[in-house]
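Q: Structure file model_29.tsv (TSV, C-alpha atoms) right here:
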```tsv
chain	number	residue	atom	x	y	z
A	175	MET	CA	28.53	7.26	26.38
A	176	ARG	CA	26.88	4.50	24.48
A	177	ILE	CA	23.41	4.47	22.92
A	178	SER	CA	21.49	2.00	20.80
A	179	LEU	CA	21.08	3.46	17.33
A	180	ASN	CA	18.84	1.53	14.95
A	181	GLY	CA	19.44	-1.58	17.01
A	182	GLU	CA	23.27	-1.26	17.00
A	183	PRO	CA	25.57	0.06	19.74
A	184	PHE	CA	26.80	3.58	18.96
A	185	GLU	CA	29.44	5.60	20.83
A	186	ILE	CA	29.04	9.32	21.47
A	187	ASP	CA	31.96	11.21	23.05
A	188	GLU	CA	30.11	14.37	24.10
A	189	PRO	CA	26.54	15.30	25.05
A	190	LEU	CA	24.44	16.26	22.05
A	191	THR	CA	20.88	16.80	20.93
A	192	VAL	CA	18.95	14.62	18.49
A	193	ALA	CA	19.28	17.39	15.90
A	194	GLU	CA	23.08	17.39	16.37
A	195	LEU	CA	23.15	13.60	16.13
A	196	LEU	CA	21.31	13.76	12.78
A	197	THR	CA	23.74	16.42	11.52
A	198	ARG	CA	26.66	14.24	12.55
A	199	LEU	CA	25.15	11.33	10.64
A	200	ALA	CA	24.50	13.54	7.59
A	201	ILE	CA	20.77	12.82	7.77
A	202	ASP	CA	18.25	15.37	6.51
A	203	PRO	CA	15.77	15.74	9.41
A	204	ARG	CA	12.92	16.54	7.01
A	205	ARG	CA	13.09	13.07	5.47
A	206	VAL	CA	13.11	10.90	8.60
A	207	ALA	CA	11.13	10.02	11.70
A	208	VAL	CA	12.78	9.46	15.06
A	209	GLU	CA	11.72	7.22	17.90
A	210	HIS	CA	13.35	8.05	21.26
A	211	ASN	CA	13.06	5.23	23.83
A	212	LEU	CA	10.04	3.81	21.98
A	213	GLU	CA	8.22	7.17	21.83
A	214	ILE	CA	7.84	9.18	18.66
A	215	LEU	CA	9.90	12.36	18.84
A	216	ARG	CA	8.23	15.22	17.03
A	217	ARG	CA	10.47	16.97	14.53
A	218	ASN	CA	10.15	20.34	16.27
A	219	LEU	CA	11.66	18.79	19.42
A	220	PHE	CA	14.82	17.42	17.75
A	221	ALA	CA	16.85	20.52	18.70
A	222	ASP	CA	15.68	20.51	22.33
A	223	THR	CA	16.03	16.80	23.09
A	224	MET	CA	19.27	15.58	24.61
A	225	VAL	CA	20.60	12.10	23.94
A	226	HIS	CA	21.43	10.27	27.18
A	227	ASP	CA	23.58	7.26	27.92
A	228	GLY	CA	21.66	4.05	27.25
A	229	ASP	CA	18.99	5.73	25.11
A	230	ARG	CA	17.37	3.77	22.32
A	231	ILE	CA	17.11	5.80	19.14
A	232	GLU	CA	15.46	4.63	15.94
A	233	ILE	CA	15.78	6.69	12.77
A	234	VAL	CA	13.59	5.56	9.88
A	235	ASN	CA	12.77	6.74	6.40
A	236	PHE	CA	10.68	5.65	3.44
A	237	VAL	CA	12.06	2.96	1.15
A	238	GLY	CA	10.66	1.19	-1.85
A	239	GLY	CA	8.10	-1.40	-0.92
A	240	GLY	CA	4.64	-2.56	-1.65
A	241	GLU	CA	3.76	-5.46	0.49
A	242	ALA	CA	5.29	-7.49	3.31
B	204	MET	CA	-20.55	7.00	-18.91
B	205	ILE	CA	-19.68	9.20	-15.93
B	206	ASP	CA	-18.27	7.19	-13.02
B	207	GLN	CA	-18.59	8.05	-9.36
B	208	PRO	CA	-15.36	9.58	-8.02
B	209	PHE	CA	-13.04	7.23	-6.11
B	210	VAL	CA	-13.18	8.56	-2.56
B	211	ILE	CA	-11.47	7.17	0.54
B	212	ALA	CA	-12.01	8.93	3.86
B	213	GLY	CA	-13.16	12.07	2.05
B	214	ARG	CA	-10.15	12.26	-0.26
B	215	THR	CA	-10.80	11.89	-4.00
B	216	PHE	CA	-8.40	10.02	-6.28
B	217	ARG	CA	-8.35	10.25	-10.07
B	218	SER	CA	-7.07	6.71	-10.53
B	219	ARG	CA	-8.45	3.49	-9.10
B	220	LEU	CA	-5.01	1.92	-9.46
B	221	ILE	CA	-2.64	2.12	-6.49
B	222	VAL	CA	0.95	0.97	-7.00
B	223	GLY	CA	3.97	0.06	-4.92
B	224	THR	CA	7.52	1.37	-4.94
B	225	GLY	CA	9.51	-1.83	-4.36
B	226	LYS	CA	11.47	-4.24	-6.55
B	227	TYR	CA	11.91	-1.94	-9.57
B	228	PRO	CA	15.16	-2.30	-11.54
B	229	SER	CA	15.92	1.34	-10.63
B	230	HIS	CA	14.31	4.43	-9.12
B	231	ALA	CA	14.21	5.98	-12.60
B	232	VAL	CA	12.23	3.06	-14.04
B	233	MET	CA	9.91	3.27	-11.05
B	234	ALA	CA	9.21	6.94	-11.69
B	235	GLN	CA	8.41	6.24	-15.35
B	236	ALA	CA	6.20	3.28	-14.41
B	237	HIS	CA	4.34	5.44	-11.91
B	238	ALA	CA	3.70	8.03	-14.61
B	239	ALA	CA	2.57	5.36	-17.10
B	240	SER	CA	0.20	3.80	-14.54
B	241	GLY	CA	-1.66	7.04	-13.98
B	242	ALA	CA	-1.78	6.20	-10.26
B	243	ASP	CA	-2.08	9.11	-7.86
B	244	MET	CA	-1.39	7.05	-4.74
B	245	VAL	CA	1.71	4.93	-4.12
B	246	THR	CA	2.64	2.88	-1.10
B	247	VAL	CA	6.05	3.01	0.59
B	248	ALA	CA	7.72	0.97	3.32
B	249	VAL	CA	9.16	2.38	6.57
B	250	ARG	CA	12.66	1.14	7.36
B	251	ARG	CA	15.69	2.04	9.47
B	252	VAL	CA	18.03	4.55	7.84
B	253	ASN	CA	21.31	2.93	6.86
B	254	ILE	CA	23.69	4.66	9.28
B	255	SER	CA	26.95	3.40	7.81
B	256	ASP	CA	26.10	4.06	4.16
B	257	ARG	CA	24.47	7.44	3.61
B	258	SER	CA	25.22	7.45	-0.12
B	259	ARG	CA	22.00	5.87	-1.27
B	260	GLU	CA	19.60	8.27	-2.93
B	261	SER	CA	16.24	8.95	-1.36
B	262	LEU	CA	13.16	7.24	-2.72
B	263	LEU	CA	11.22	10.48	-2.32
B	264	ASP	CA	13.44	12.17	-4.91
B	265	TYR	CA	11.74	9.93	-7.47
B	266	ILE	CA	8.12	10.45	-6.44
B	267	ASP	CA	6.25	13.50	-7.66
B	268	THR	CA	4.63	14.30	-4.34
B	269	GLU	CA	2.75	17.23	-5.86
B	270	ARG	CA	0.74	14.75	-7.91
B	271	ILE	CA	1.11	11.47	-6.03
B	272	PHE	CA	-0.20	10.77	-2.53
B	273	ILE	CA	2.17	8.74	-0.34
B	274	LEU	CA	0.66	5.83	1.58
B	275	PRO	CA	3.13	4.48	4.18
B	276	ASN	CA	2.70	0.78	4.95
B	277	THR	CA	3.59	-1.54	7.79
B	278	ALA	CA	4.95	-4.25	5.51
B	279	GLY	CA	7.09	-6.76	7.34
B	280	CYS	CA	5.34	-6.40	10.69
B	281	TYR	CA	4.33	-9.61	12.43
B	282	THR	CA	2.65	-8.23	15.56
B	283	ALA	CA	0.03	-5.56	16.23
B	284	ASP	CA	2.55	-3.64	18.39
B	285	GLU	CA	5.20	-3.54	15.65
B	286	ALA	CA	2.60	-2.45	13.12
B	287	VAL	CA	1.33	0.33	15.39
B	288	ARG	CA	4.89	1.59	16.05
B	289	THR	CA	5.67	1.50	12.34
B	290	ALA	CA	2.44	3.35	11.49
B	291	ARG	CA	3.30	6.09	13.99
B	292	LEU	CA	6.81	6.45	12.51
B	293	GLY	CA	5.33	6.55	9.00
B	294	ARG	CA	2.97	9.35	10.02
B	295	GLU	CA	5.88	11.30	11.49
B	296	ALA	CA	8.10	10.80	8.44
B	297	GLY	CA	5.34	11.60	5.99
B	298	LEU	CA	2.74	14.18	5.38
B	299	SER	CA	-0.44	12.39	6.31
B	300	ASN	CA	-2.15	10.20	8.87
B	301	TRP	CA	-2.90	7.41	6.37
B	302	VAL	CA	-1.52	3.90	6.68
B	303	LYS	CA	-1.75	0.72	4.67
B	304	LEU	CA	-1.87	-1.61	7.64
B	305	GLU	CA	-0.27	-5.04	7.36
B	306	VAL	CA	0.17	-7.57	10.14
B	307	ILE	CA	1.62	-10.68	8.59
B	308	GLY	CA	0.84	-14.03	10.19
B	309	ASP	CA	3.04	-16.46	8.27
B	310	GLU	CA	6.37	-16.11	6.46
B	311	ARG	CA	5.71	-18.58	3.70
B	312	THR	CA	2.31	-17.37	2.55
B	313	LEU	CA	2.51	-13.82	3.93
B	314	PHE	CA	-1.14	-14.23	4.82
B	315	PRO	CA	-2.41	-11.64	7.30
B	316	ASP	CA	-3.01	-12.30	10.98
B	317	ASN	CA	-6.54	-10.97	11.05
B	318	GLU	CA	-6.93	-11.00	14.82
B	319	ALA	CA	-3.84	-8.81	15.31
B	320	LEU	CA	-4.86	-6.72	12.29
B	321	ILE	CA	-8.24	-5.90	13.81
B	322	ASP	CA	-6.58	-5.01	17.16
B	323	ALA	CA	-4.06	-2.73	15.44
B	324	THR	CA	-6.82	-1.12	13.36
B	325	ARG	CA	-8.76	-0.29	16.51
B	326	VAL	CA	-5.69	1.31	18.18
B	327	LEU	CA	-4.73	3.38	15.15
B	328	VAL	CA	-8.27	4.57	14.40
B	329	LYS	CA	-8.47	5.86	18.00
B	330	GLU	CA	-5.23	7.78	17.33
B	331	GLY	CA	-6.80	9.46	14.31
B	332	PHE	CA	-5.26	7.36	11.56
B	333	VAL	CA	-6.98	6.62	8.26
B	334	VAL	CA	-6.46	2.86	8.22
B	335	LEU	CA	-6.45	0.75	5.06
B	336	PRO	CA	-5.92	-2.83	6.23
B	337	TYR	CA	-4.57	-5.62	4.03
B	338	THR	CA	-6.68	-8.68	4.82
B	339	ASN	CA	-7.81	-12.10	3.65
B	340	ASP	CA	-10.54	-12.56	1.07
B	341	ASP	CA	-12.86	-13.13	4.02
B	342	PRO	CA	-16.12	-11.17	4.17
B	343	ILE	CA	-16.39	-11.60	7.96
B	344	ALA	CA	-12.86	-10.30	8.59
B	345	CYS	CA	-13.66	-7.36	6.31
B	346	ARG	CA	-16.83	-6.64	8.26
B	347	LYS	CA	-14.92	-6.70	11.57
B	348	LEU	CA	-12.29	-4.33	10.14
B	349	GLU	CA	-15.01	-1.98	9.00
B	350	ASP	CA	-16.57	-2.14	12.48
B	351	ALA	CA	-13.12	-1.34	13.93
B	352	GLY	CA	-13.11	1.86	11.88
B	353	ALA	CA	-11.13	0.94	8.75
B	354	ALA	CA	-11.54	3.56	6.00
B	355	ALA	CA	-11.35	0.84	3.31
B	356	VAL	CA	-10.76	-2.89	3.25
B	357	MET	CA	-8.05	-4.46	1.13
B	358	PRO	CA	-8.67	-8.18	0.58
B	359	LEU	CA	-5.98	-10.17	-1.20
B	360	GLY	CA	-6.65	-11.74	-4.57
B	361	ALA	CA	-3.87	-14.29	-4.02
B	362	PRO	CA	-0.68	-14.42	-1.92
B	363	ILE	CA	1.58	-11.34	-2.12
B	364	GLY	CA	3.90	-11.47	-5.12
B	365	SER	CA	2.41	-14.75	-6.38
B	366	GLY	CA	0.83	-13.39	-9.55
B	367	LEU	CA	-1.83	-16.09	-9.31
B	368	GLY	CA	-4.74	-13.72	-9.97
B	369	ILE	CA	-8.03	-13.63	-8.09
B	370	GLN	CA	-8.37	-17.03	-6.43
B	371	ASN	CA	-11.81	-16.61	-4.92
B	372	THR	CA	-13.83	-14.37	-7.18
B	373	ASN	CA	-17.05	-15.05	-5.33
B	374	ASN	CA	-15.62	-13.89	-1.99
B	375	ILE	CA	-14.44	-10.62	-3.55
B	376	ARG	CA	-17.94	-10.11	-4.96
B	377	ILE	CA	-19.52	-10.84	-1.54
B	378	ILE	CA	-17.04	-8.54	0.25
B	379	ARG	CA	-18.10	-5.75	-2.13
B	380	GLU	CA	-21.75	-6.50	-1.54
B	381	PHE	CA	-21.37	-6.40	2.28
B	382	ALA	CA	-18.93	-3.51	2.70
B	383	HIS	CA	-19.90	0.11	3.31
B	384	VAL	CA	-16.34	1.31	2.68
B	385	PRO	CA	-14.23	1.07	-0.49
B	386	VAL	CA	-12.92	-2.39	-1.35
B	387	ILE	CA	-9.41	-2.46	-2.84
B	388	VAL	CA	-8.08	-5.78	-4.09
B	389	ASP	CA	-4.53	-5.88	-2.78
B	390	ALA	CA	-2.00	-8.53	-3.80
B	391	GLY	CA	-2.00	-11.44	-6.19
B	392	VAL	CA	-2.40	-9.64	-9.51
B	393	GLY	CA	-0.15	-11.15	-12.19
B	394	THR	CA	-1.27	-9.52	-15.39
B	395	ALA	CA	-3.77	-7.04	-16.79
B	396	SER	CA	-6.73	-9.44	-16.96
B	397	ASP	CA	-6.43	-10.06	-13.21
B	398	ALA	CA	-6.78	-6.35	-12.54
B	399	ALA	CA	-9.70	-6.09	-14.96
B	400	LEU	CA	-11.41	-9.05	-13.27
B	401	ALA	CA	-11.02	-7.46	-9.84
B	402	MET	CA	-12.76	-4.35	-11.13
B	403	GLU	CA	-15.46	-6.35	-12.93
B	404	LEU	CA	-16.26	-8.06	-9.63
B	405	GLY	CA	-17.03	-4.62	-8.23
B	406	ALA	CA	-13.81	-3.70	-6.48
B	407	ASP	CA	-13.40	0.05	-6.06
B	408	GLY	CA	-9.68	-0.13	-6.70
B	409	VAL	CA	-6.68	-2.42	-7.13
B	410	LEU	CA	-3.27	-2.23	-5.44
B	411	MET	CA	-0.26	-3.96	-6.96
B	412	ASN	CA	3.51	-3.86	-6.87
B	413	THR	CA	5.26	-6.99	-8.16
B	414	ALA	CA	3.03	-7.39	-11.23
B	415	ILE	CA	4.43	-4.11	-12.55
B	416	ALA	CA	7.88	-3.92	-10.95
B	417	GLY	CA	8.71	-7.55	-11.76
B	418	ALA	CA	7.49	-7.49	-15.36
B	419	GLN	CA	10.14	-7.64	-18.06
B	420	GLU	CA	8.95	-4.22	-19.21
B	421	PRO	CA	7.66	-2.49	-16.08
B	422	ILE	CA	6.72	0.78	-17.78
B	423	ALA	CA	4.65	-0.95	-20.48
B	424	MET	CA	3.02	-3.20	-17.88
B	425	ALA	CA	2.13	-0.14	-15.81
B	426	GLU	CA	0.31	1.28	-18.82
B	427	ALA	CA	-1.42	-2.08	-19.40
B	428	MET	CA	-2.63	-2.02	-15.79
B	429	LYS	CA	-3.99	1.50	-16.20
B	430	HIS	CA	-6.10	0.35	-19.15
B	431	ALA	CA	-7.12	-2.88	-17.41
B	432	VAL	CA	-8.44	-1.04	-14.37
B	433	LEU	CA	-10.33	1.44	-16.55
B	434	ALA	CA	-11.74	-1.35	-18.74
B	435	GLY	CA	-12.76	-3.51	-15.80
B	436	ARG	CA	-14.43	-0.59	-14.05
B	437	LEU	CA	-16.36	0.41	-17.16
B	438	ALA	CA	-17.43	-3.19	-17.77
B	439	CYS	CA	-18.62	-3.47	-14.19
B	440	LEU	CA	-20.75	-0.33	-14.56
B	441	SER	CA	-22.06	-1.42	-17.96
B	442	GLY	CA	-23.95	-4.52	-16.80
B	443	ARG	CA	-22.56	-7.60	-18.48
B	444	ILE	CA	-24.81	-10.09	-20.31
B	445	PRO	CA	-25.96	-13.16	-18.42
B	446	ARG	CA	-23.97	-16.36	-18.92
B	447	LYS	CA	-25.81	-18.96	-21.01
B	448	MET	CA	-25.03	-22.60	-21.65
B	449	TYR	CA	-25.54	-22.49	-25.43
B	450	ALA	CA	-25.04	-20.15	-28.35
B	451	THR	CA	-27.28	-17.23	-29.22
B	452	ALA	CA	-26.76	-15.84	-32.73
B	453	SER	CA	-26.33	-12.11	-33.04
B	454	SER	CA	-27.14	-11.92	-36.79
B	455	PRO	CA	-30.76	-12.05	-38.03
B	456	VAL	CA	-32.12	-15.40	-39.26
B	457	GLU	CA	-34.29	-13.61	-41.88
B	458	GLY	CA	-32.77	-13.11	-45.34
B	459	LEU	CA	-30.30	-15.97	-45.28
B	460	ILE	CA	-29.63	-16.92	-48.94
B	461	SER	CA	-29.79	-20.64	-48.25
B	462	ARG	CA	-33.36	-20.46	-46.92
B	463	VAL	CA	-36.18	-21.47	-49.31
```
Rewrite the structure from the file as structure tokens, please.

A:
Amino acid sequence: MRISLNGEPFEIDEPLTVAELLTRLAIDPRRVAVEHNLEILRRNLFADTMVHDGDRIEIVNFVGGGEA
Amino acid sequence: MIDQPFVIAGRTFRSRLIVGTGKYPSHAVMAQAHAASGADMVTVAVRRVNISDRSRESLLDYIDTERIFILPNTAGCYTADEAVRTARLGREAGLSNWVKLEVIGDERTLFPDNEALIDATRVLVKEGFVVLPYTNDDPIACRKLEDAGAAAVMPLGAPIGSGLGIQNTNNIRIIREFAHVPVIVDAGVGTASDAALAMELGADGVLMNTAIAGAQEPIAMAEAMKHAVLAGRLACLSGRIPRKMYATASSPVEGLISRV
């Protein structure tokens, strides 16, 4: 199935949870926030939330920045 | 002289200087500049994780979060909706419900879109955020933001990254006079005297990024800014002398040897 991950198409060959997706991407879940189809996904729901075909996932973190 | 503590939304800060985390030559220099500045609040941007390149080190590894409070911002957002989404993500990624709210209205000047800013402030305050909006040096916009529930107002001194210093000193003074929340001059500082001037005008704090990160010696400039903010604050509290058109001697006239 195909999802949109941070605005780019991303192929997934088997059903998986958001937590498993983060593991596969080598992303520490404690350092990021996830938006699932435009809704914030609380961290404690990562392991229980399945990724479905066509889902829009945004994974963000903090980067250096001050203004604009 | 004992100063009032610097309090925003019930949280007390030791330093009236707030600094950014962007544009430093390296994360290590940033960490040293933060230490030299004495700041106990730094602002960070919220961006998509780079999926293809996971090698880059995390910004948070270089911020002493025991000592320094993280203020996520909505830098780069051009609509109220984008800013609200970004604020929600920042709250989820971070440890607090605070946000430095930016809604930019124009790419060339990076001036804020105050109408969208006020709308976004209203939405986020309802959701329980502590909102610190970056706004124009406009006392009426600041009043509307305060009415919308902003915990502080952050008028610009000059365009972001311009280093032009405080362009409209009188407006900053009026904003301070009108506001019932802390006033933090945000953007436009180029060097230490600009920060001191902001504080002399009555600002409760100053936020800067490029002035430190872009200096040839960021760590030394950070220390200069620490002193400038302290000096400006103390001067503000000390009651400066009135300006006069002509000289007034400070030595006595009596006893001059040339007098007969």

Q: When you get a sec, could you note down which chain A residues fall within 8 Å of chain B, using all atoms listed in the file, as a ChimeraX atom specification?

A: /A:180,199-201,204-209,214,216-217,232-242

Q: Taking C-alpha atoms for each residue, export the selection above as an mmCIF file, keeping the file's coordinate frame.

A:
```
data_model
loop_
_atom_site.group_PDB
_atom_site.id
_atom_site.type_symbol
_atom_site.label_atom_id
_atom_site.label_comp_id
_atom_site.auth_asym_id
_atom_site.auth_seq_id
_atom_site.Cartn_x
_atom_site.Cartn_y
_atom_site.Cartn_z
ATOM 1 C CA ASN A 180 18.840 1.530 14.950
ATOM 2 C CA LEU A 199 25.150 11.330 10.640
ATOM 3 C CA ALA A 200 24.500 13.540 7.590
ATOM 4 C CA ILE A 201 20.770 12.820 7.770
ATOM 5 C CA ARG A 204 12.920 16.540 7.010
ATOM 6 C CA ARG A 205 13.090 13.070 5.470
ATOM 7 C CA VAL A 206 13.110 10.900 8.600
ATOM 8 C CA ALA A 207 11.130 10.020 11.700
ATOM 9 C CA VAL A 208 12.780 9.460 15.060
ATOM 10 C CA GLU A 209 11.720 7.220 17.900
ATOM 11 C CA ILE A 214 7.840 9.180 18.660
ATOM 12 C CA ARG A 216 8.230 15.220 17.030
ATOM 13 C CA ARG A 217 10.470 16.970 14.530
ATOM 14 C CA GLU A 232 15.460 4.630 15.940
ATOM 15 C CA ILE A 233 15.780 6.690 12.770
ATOM 16 C CA VAL A 234 13.590 5.560 9.880
ATOM 17 C CA ASN A 235 12.770 6.740 6.400
ATOM 18 C CA PHE A 236 10.680 5.650 3.440
ATOM 19 C CA VAL A 237 12.060 2.960 1.150
ATOM 20 C CA GLY A 238 10.660 1.190 -1.850
ATOM 21 C CA GLY A 239 8.100 -1.400 -0.920
ATOM 22 C CA GLY A 240 4.640 -2.560 -1.650
ATOM 23 C CA GLU A 241 3.760 -5.460 0.490
ATOM 24 C CA ALA A 242 5.290 -7.490 3.310
#
```

Q: What's the separation between CA of Asn373 in chain B and CA of Leu440 in chain B, in Å to one decimal place?

A: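 Distance reported for this atom pair: 17.8 Å.
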
Q: Can you measure CA of Ala450 in chain B to CA of Ala438 in chain B for me? One decimal in Å is fine.

A: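 Between CA of Ala450 in chain B and CA of Ala438 in chain B the gap is 21.4 Å.
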
Q: Would you mind telling me which residue in B:Asp309, B:Pro228, B:Asp322, B:Gly435 lies nearest to Ser396 in chain B when using all atoms listed in the file?

A: B:Gly435

Q: Please provide as an MDAnalysis selection string all residues within 6 Å of Ile415 in chain B, with the sequence filter that same-chain residues fewer than 5 positions apart are discarded (counting all atoms listed in the file).

A: chainID B and resid 421 424:425
